[in-house]
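**Student:** Here you go, this is protein_32.txt (compact mmCIF, C-alpha atoms and all ligand atoms).
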```
# COMPACT_ATOMS: atom_id res chain seq x y z
CA MET A 1 137.21 88.33 68.61
CA THR A 2 136.84 92.07 68.54
CA LYS A 3 140.02 92.57 66.57
CA ALA A 4 139.15 90.29 63.72
CA SER A 5 135.51 91.30 63.68
CA THR A 6 136.32 94.94 63.38
CA ARG A 7 138.63 94.15 60.50
CA ALA A 8 135.52 94.88 58.55
CA GLY A 9 137.03 98.17 57.41
CA ALA A 10 135.18 100.56 55.21
CA GLY A 11 131.92 99.36 53.83
CA GLY A 12 130.80 100.16 50.35
CA ALA A 13 127.67 101.01 48.54
CA ARG A 14 126.39 98.23 46.37
CA ALA A 15 127.17 99.01 42.77
CA ARG A 16 124.37 96.91 41.34
CA ARG A 17 121.95 94.18 42.25
CA ARG A 18 122.79 90.69 41.11
CA PRO A 19 120.75 89.79 38.01
CA ALA A 20 117.77 87.60 38.82
CA ALA A 21 119.18 84.75 36.70
CA ALA A 22 122.38 84.72 38.76
CA ARG A 23 120.36 84.43 41.97
CA ALA A 24 118.58 81.30 40.77
CA PRO A 25 119.74 78.32 42.85
CA ALA A 26 120.93 76.24 39.89
CA GLY A 27 122.83 79.03 38.17
CA LYS A 28 124.74 80.76 40.94
CA PRO A 29 128.52 80.76 40.50
CA GLY A 30 128.61 80.24 44.27
CA ASP A 31 127.06 76.81 43.75
CA ARG A 32 130.18 75.67 41.91
CA VAL A 33 132.39 76.65 44.82
CA VAL A 34 133.74 74.16 47.34
CA ILE A 35 133.76 75.19 51.01
CA ARG A 36 136.53 73.38 52.88
CA ALA A 37 138.96 73.73 55.77
CA ALA A 38 141.81 76.15 55.12
CA ARG A 39 145.22 74.68 54.32
CA ARG A 40 148.63 76.19 54.88
CA ALA A 41 148.99 76.50 51.10
CA ASP A 42 145.90 78.78 51.01
CA LEU A 43 147.47 81.40 53.25
CA ASP A 44 149.11 83.54 50.54
CA GLN A 45 145.75 83.97 48.84
CA VAL A 46 143.97 84.63 52.15
CA ILE A 47 146.56 87.28 52.98
CA ALA A 48 146.13 88.84 49.54
CA ILE A 49 142.33 88.99 49.86
CA ASP A 50 142.62 90.55 53.31
CA ALA A 51 145.18 93.07 52.03
CA THR A 52 142.82 94.00 49.18
CA VAL A 53 139.94 94.56 51.60
CA THR A 54 141.82 96.31 54.41
CA GLY A 55 144.74 97.86 52.53
CA VAL A 56 147.25 96.35 54.98
CA GLU A 57 149.24 93.15 54.48
CA LYS A 58 149.77 91.40 57.83
CA ARG A 59 151.50 88.08 57.26
CA PRO A 60 152.61 87.46 60.90
CA TYR A 61 149.02 88.01 62.05
CA TRP A 62 147.69 85.50 59.51
CA LEU A 63 150.32 82.92 60.41
CA SER A 64 149.21 83.17 64.01
CA VAL A 65 145.52 82.97 63.01
CA PHE A 66 146.28 79.83 61.00
CA ARG A 67 148.13 78.28 63.94
CA ARG A 68 145.11 78.92 66.17
CA TYR A 69 142.25 78.11 63.81
CA GLY A 70 143.70 76.31 60.83
CA ASP A 71 145.04 73.02 62.05
CA GLY A 72 141.62 71.41 62.42
CA ALA A 73 142.62 69.92 65.76
CA ARG A 74 139.95 71.77 67.74
CA PRO A 75 136.38 71.18 66.53
CA GLU A 76 135.20 74.46 68.05
CA ARG A 77 137.61 76.46 65.86
CA HIS A 78 136.83 76.95 62.17
CA PHE A 79 138.91 78.49 59.40
CA LEU A 80 137.15 77.74 56.11
CA VAL A 81 137.88 78.84 52.56
CA ALA A 82 135.73 78.92 49.45
CA GLU A 83 137.63 77.40 46.53
CA ALA A 84 136.62 78.26 42.97
CA ASP A 85 138.53 76.82 40.03
CA GLY A 86 141.53 76.14 42.23
CA ARG A 87 141.58 79.66 43.65
CA VAL A 88 140.68 80.87 47.11
CA ALA A 89 137.63 83.09 46.55
CA GLY A 90 136.97 83.88 50.20
CA PHE A 91 137.36 82.79 53.78
CA ILE A 92 135.54 82.74 57.09
CA ILE A 93 136.82 82.31 60.64
CA GLY A 94 134.78 81.48 63.71
CA GLU A 95 134.85 79.76 67.03
CA VAL A 96 132.55 78.47 69.75
CA ARG A 97 133.29 80.40 72.95
CA ASP A 98 132.03 79.19 76.30
CA TRP A 99 130.57 81.63 78.80
CA GLU A 100 132.17 84.72 77.29
CA PHE A 101 130.44 87.82 78.67
CA GLY A 102 128.45 85.51 80.93
CA ALA A 103 126.60 83.97 77.99
CA PRO A 104 126.14 80.23 77.41
CA PRO A 105 128.35 78.73 74.66
CA CYS A 106 127.71 80.39 71.33
CA GLY A 107 129.34 80.57 67.90
CA TRP A 108 131.21 83.71 66.90
CA VAL A 109 132.10 84.87 63.39
CA PHE A 110 135.36 86.76 63.64
CA ALA A 111 136.10 87.44 59.99
CA ILE A 112 134.52 86.97 56.59
CA ASP A 113 135.91 88.21 53.28
CA VAL A 114 135.20 87.44 49.65
CA ALA A 115 137.58 88.61 46.90
CA PRO A 116 135.93 91.44 44.95
CA GLU A 117 135.79 89.48 41.68
CA PHE A 118 133.82 86.68 43.36
CA ARG A 119 131.24 88.78 45.21
CA LEU A 120 127.46 88.75 44.78
CA ALA A 121 127.50 85.07 43.84
CA GLY A 122 126.34 83.63 47.16
CA ILE A 123 129.82 82.63 48.32
CA ALA A 124 129.70 84.40 51.69
CA THR A 125 126.26 82.88 52.26
CA ARG A 126 127.67 79.41 51.54
CA MET A 127 130.60 79.96 53.90
CA LEU A 128 128.34 81.21 56.68
CA ASP A 129 126.02 78.23 56.14
CA ALA A 130 129.00 75.88 56.54
CA LEU A 131 130.12 77.64 59.70
CA ARG A 132 126.61 77.52 61.13
CA ALA A 133 126.37 73.80 60.36
CA GLY A 134 129.67 73.21 62.17
CA PHE A 135 128.44 75.12 65.20
CA ARG A 136 125.13 73.26 65.22
CA ARG A 137 127.00 69.94 65.21
CA LEU A 138 128.61 71.10 68.45
CA GLY A 139 125.18 71.78 69.95
CA VAL A 140 125.42 75.56 69.69
CA ARG A 141 122.18 77.40 68.96
CA LYS A 142 123.30 81.04 68.76
CA LEU A 143 125.54 82.91 66.32
CA ARG A 144 127.12 86.28 67.12
CA THR A 145 129.50 88.76 65.56
CA ILE A 146 130.73 92.32 66.03
CA LEU A 147 131.20 94.74 63.20
CA ALA A 148 132.33 98.29 62.57
CA ARG A 149 129.39 100.65 62.85
CA ASP A 150 130.13 102.31 59.48
CA ASN A 151 130.61 99.09 57.50
CA THR A 152 127.25 99.04 55.77
CA LEU A 153 128.38 96.32 53.38
CA ILE A 154 129.03 93.70 56.02
CA LEU A 155 125.97 94.89 57.95
CA SER A 156 123.82 94.35 54.84
CA PHE A 157 125.26 90.89 54.43
CA PHE A 158 124.66 89.82 58.04
CA ARG A 159 121.15 91.30 58.01
CA SER A 160 120.43 89.33 54.83
CA GLN A 161 121.32 86.19 56.75
CA GLY A 162 118.81 86.99 59.47
CA MET A 163 121.16 88.42 62.08
CA MET A 164 119.71 91.12 64.33
CA THR A 165 120.94 93.45 67.06
CA GLY A 166 121.93 91.35 70.08
CA PRO A 167 121.77 91.90 73.83
CA PHE A 168 125.34 93.24 74.30
CA ILE A 169 126.84 96.68 73.80
CA PRO A 170 130.54 97.35 73.12
CA LEU A 171 132.42 99.68 75.49
CA GLU A 172 135.96 101.06 75.23
CA MET A 173 138.31 103.62 76.75
CA ASP A 174 141.74 105.11 76.05
CA LEU A 175 144.52 103.64 78.20
CA ASP A 176 147.07 106.39 77.74
CA ALA A 177 145.37 109.05 79.87
C1 LIG A 201 130.23 91.25 52.73
C2 LIG A 201 130.80 90.15 51.84
C3 LIG A 201 131.49 89.10 52.71
C4 LIG A 201 129.61 89.52 51.05
O1 LIG A 201 130.13 88.48 50.23
P1 LIG A 201 129.28 87.92 48.98
O2 LIG A 201 129.82 86.59 48.62
O3 LIG A 201 129.26 88.95 47.90
O4 LIG A 201 127.83 87.79 49.62
P2 LIG A 201 126.57 86.98 49.05
O5 LIG A 201 126.64 86.92 47.56
O6 LIG A 201 126.46 85.69 49.78
O7 LIG A 201 125.38 87.96 49.44
C5 LIG A 201 124.32 87.57 50.31
C6 LIG A 201 123.47 88.79 50.57
O8 LIG A 201 124.24 89.79 51.26
C7 LIG A 201 123.75 91.09 50.86
N1 LIG A 201 124.82 91.80 50.14
C8 LIG A 201 125.95 91.28 49.64
N2 LIG A 201 126.69 92.24 49.04
C9 LIG A 201 125.95 93.38 49.15
C10 LIG A 201 126.17 94.71 48.72
N3 LIG A 201 127.29 95.06 48.03
N4 LIG A 201 125.23 95.65 49.02
C11 LIG A 201 124.12 95.31 49.69
N5 LIG A 201 123.84 94.04 50.12
C12 LIG A 201 124.77 93.11 49.86
C13 LIG A 201 122.58 90.85 49.93
O9 LIG A 201 121.39 90.80 50.68
C14 LIG A 201 122.92 89.48 49.36
O10 LIG A 201 121.78 88.79 48.89
P3 LIG A 201 121.20 89.11 47.38
O11 LIG A 201 122.39 89.17 46.47
O12 LIG A 201 120.28 87.97 47.11
O13 LIG A 201 120.53 90.42 47.48
C15 LIG A 201 131.78 90.71 50.79
O14 LIG A 201 131.18 91.79 50.11
C16 LIG A 201 133.07 91.21 51.38
O15 LIG A 201 134.02 90.45 51.55
N6 LIG A 201 133.06 92.48 51.73
C17 LIG A 201 134.23 93.18 52.23
C18 LIG A 201 134.90 92.54 53.36
C19 LIG A 201 134.44 92.92 54.71
O16 LIG A 201 134.11 94.05 55.00
N7 LIG A 201 134.52 91.86 55.53
C20 LIG A 201 134.19 91.96 56.89
C21 LIG A 201 135.36 91.63 57.75
S1 LIG A 201 134.81 90.89 59.24
```
Render the structure in this file as structure tokens.
Ligand SMILES: CC(C)(COP(=O)(O)OP(=O)(O)OC[C@H]1O[C@@H](n2cnc3c(N)ncnc32)[C@H](O)[C@@H]1OP(=O)(O)O)[C@@H](O)C(=O)NCCC(=O)NCCS

**Tutor:**
Amino acid sequence: MTKASTRAGAGGARARRRPAAARAPAGKPGDRVVIRAARRADLDQVIAIDATVTGVEKRPYWLSVFRRYGDGARPERHFLVAEADGRVAGFIIGEVRDWEFGAPPCGWVFAIDVAPEFRLAGIATRMLDALRAGFRRLGVRKLRTILARDNTLILSFFRSQGMMTGPFIPLEMDLDA
């Protein structure tokens, strides 16, 4: 989970606030987006969005992510895309993990990306809502994620959704000493 979560990469300052009219529930472009399970045919667009955000194209990684999360066979694993006018506008990946770090089962968000041209339209909010609904259906009552400390963009997004600092701290060490 750490790997995908820290894919966050560099954050970015917000260029401008969304106009009030675009934030109105009836008028948001995000309202015209369909959130659905990812399909194999979506992968090229998912890979392209990820490459835009991170600057690295990693097809073998995404094929393996799709094999793990994308077949829909395991209800605790979610790989969702936001589709707008036949295009993949964004994606989210998460999973319910049991007793990781000694904690009762909880839902984790491992990755969330929206293509730059679709941002600030409520699409990430819609995808997170769908993920949360899926987790709730499994009886899970807690959502967690890990993000890069300097990614203020993703931090702003998660804070806007009500997420707060949790009870865990990350630790690491070099293994080549
Ligand atoms: C973070 C990201 C997923 C948000 O997607 P989005 O569809 O634009 O988000 P939403 O429109 O649902 O925004 C919801 C709230 O998040 C916050 N937010 C979103 N973008 C923001 C920005 N650029 N600056 C500050 N706050 C922001 C706001 O509070 C916003 O609510 P508001 O518009 O009513 O103020 C998207 O910008 C993205 O993909 N960023 C880069 C990828 C990344 O770092 N992913 C993490 C990998 S794990």

**Student:** Taking into account all atoms listed in the file, which residue in the set A:Arg149, A:Arg137, A:Arg119, A:Arg132 is nearest to ligand LIG 201 (chain A)?

**Tutor:**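 Among the listed residues, A:Arg119 lies closest to ligand LIG 201 (chain A).
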
**Student:** To one decimal in Å, tell me the separation between CA of Asp50 (chain A) and CA of Asn151 (chain A).

**Tutor:**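 Separating CA of Asp50 (chain A) from CA of Asn151 (chain A) is a distance of 15.3 Å.
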
**Student:** As an exercise, work out the distance from CA of Arg126 (chain A) to CA of Trp108 (chain A) in Å and give it to one decimal place.

**Tutor:**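 Spanning CA of Arg126 (chain A) to CA of Trp108 (chain A) is a straight-line distance of 16.3 Å.
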
**Student:** Fewer than 2 positions away in the same chain doesn't count, so skip those; otherwise give me all residues within 12 Å of Asp98 (chain A), counting all atoms listed in the file, as a list of chain:residue names.

**Tutor:**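 Answer for this query is A:Glu76, A:Glu95, A:Val96, A:Glu100, A:Phe101, A:Gly102, A:Ala103, A:Pro104, A:Pro105, A:Cys106, A:Gly107, A:Trp108, A:Leu138, A:Gly139, A:Val140, A:Lys142.
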
**Student:** CA of Ala84 (chain A) and CA of Val33 (chain A), how far apart in Å?

**Tutor:**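 About the pair CA of Val33 (chain A) and CA of Ala84 (chain A): they are 4.9 Å apart.
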
**Student:** Using only C-alpha atoms, determine which residues lie at most 10 Å from Val34 (chain A), disregarding the query and same-chain residues fewer than 5 positions distant; provide the list as a PDB file with C-alpha atoms, keeping the file's coordinate frame.

**Tutor:**
```pdb
ATOM      1  CA  VAL A  81     137.880  78.840  52.560  1.00  0.00           C
ATOM      2  CA  ALA A  82     135.730  78.920  49.450  1.00  0.00           C
ATOM      3  CA  GLU A  83     137.630  77.400  46.530  1.00  0.00           C
ATOM      4  CA  ALA A  84     136.620  78.260  42.970  1.00  0.00           C
ATOM      5  CA  ASP A  85     138.530  76.820  40.030  1.00  0.00           C
ATOM      6  CA  GLY A  86     141.530  76.140  42.230  1.00  0.00           C
ATOM      7  CA  VAL A  88     140.680  80.870  47.110  1.00  0.00           C
ATOM      8  CA  ALA A  89     137.630  83.090  46.550  1.00  0.00           C
ATOM      9  CA  ILE A 123     129.820  82.630  48.320  1.00  0.00           C
ATOM     10  CA  ARG A 126     127.670  79.410  51.540  1.00  0.00           C
ATOM     11  CA  MET A 127     130.600  79.960  53.900  1.00  0.00           C
TER      12      MET A 127
END
```

**Student:** Nearest residue to ligand LIG 201 (chain A) out of A:Asp44, A:Asp71, A:Glu172, A:Asp150, using all atoms listed in the file?

**Tutor:**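 Closest to ligand LIG 201 (chain A) of all the choices is A:Asp150.
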
**Student:** Let me have the centre and edge lengths of the axis-aligned box enclosing all listed atoms of ligand LIG 201 (chain A) with 8 Å padding on every side, in Å to one decimal, as lines of an AutoDock Vina configuration file.

**Tutor:**
```
center_x = 127.8
center_y = 90.7
center_z = 52.9
size_x = 31.1
size_y = 26.0
size_z = 28.8
```

**Student:** Identify which of the residues A:Pro170, A:Pro75, A:Gly55, A:Gly70 lies closest to ligand LIG 201 (chain A), counting all atoms listed in the file when measuring atom-to-atom distances.

**Tutor:** A:Gly55

**Student:** Need the shell around Gly166 (chain A): protein/DNA/RNA residues with any atom at most 10 Å away, counting all atoms listed in the file. Skip same-chain ones fewer than 6 positions apart. Format as a list in words?

**Tutor:**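 Answer for this query is Leu143, Arg144, Thr145 and Ile146 of chain A.
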
**Student:** For ligand LIG 201 (chain A), which of A:Glu57, A:Asp113, A:Asp129, A:Asp174 is the closest residue, counting only C-alpha atoms and all ligand atoms?

**Tutor:** A:Asp113

**Student:** Which residue, A:Ala121, A:Ala148, A:Ile169, A:Ile112, has the smallest gap to His78 (chain A) when you use only C-alpha atoms?

**Tutor:**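 Residue with the minimum atom-to-atom distance to His78 (chain A): A:Ile112.
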
**Student:** Using all atoms listed in the file for the distances, tell me which of A:Ala73, A:Ala48, A:Ile93, A:Met173 is nearest to ligand LIG 201 (chain A).

**Tutor:** A:Ile93

**Student:** Which polymer residues have any atom within 8 Å of an atom of region 60-67 of chain A, counting all atoms listed in the file, with same-chain residues fewer than 2 positions away left out, as a PyMOL selection string?

**Tutor:** chain A and resi 40+43+47+58+69-71+79

**Student:** I'd like the contact shell of Met164 (chain A) - 10 Å cut-off, all atoms listed in the file, skipping same-chain residues fewer than 5 positions apart - returned as a list of chain:residue names.

**Tutor:** A:Arg144, A:Leu155, A:Phe158, A:Arg159
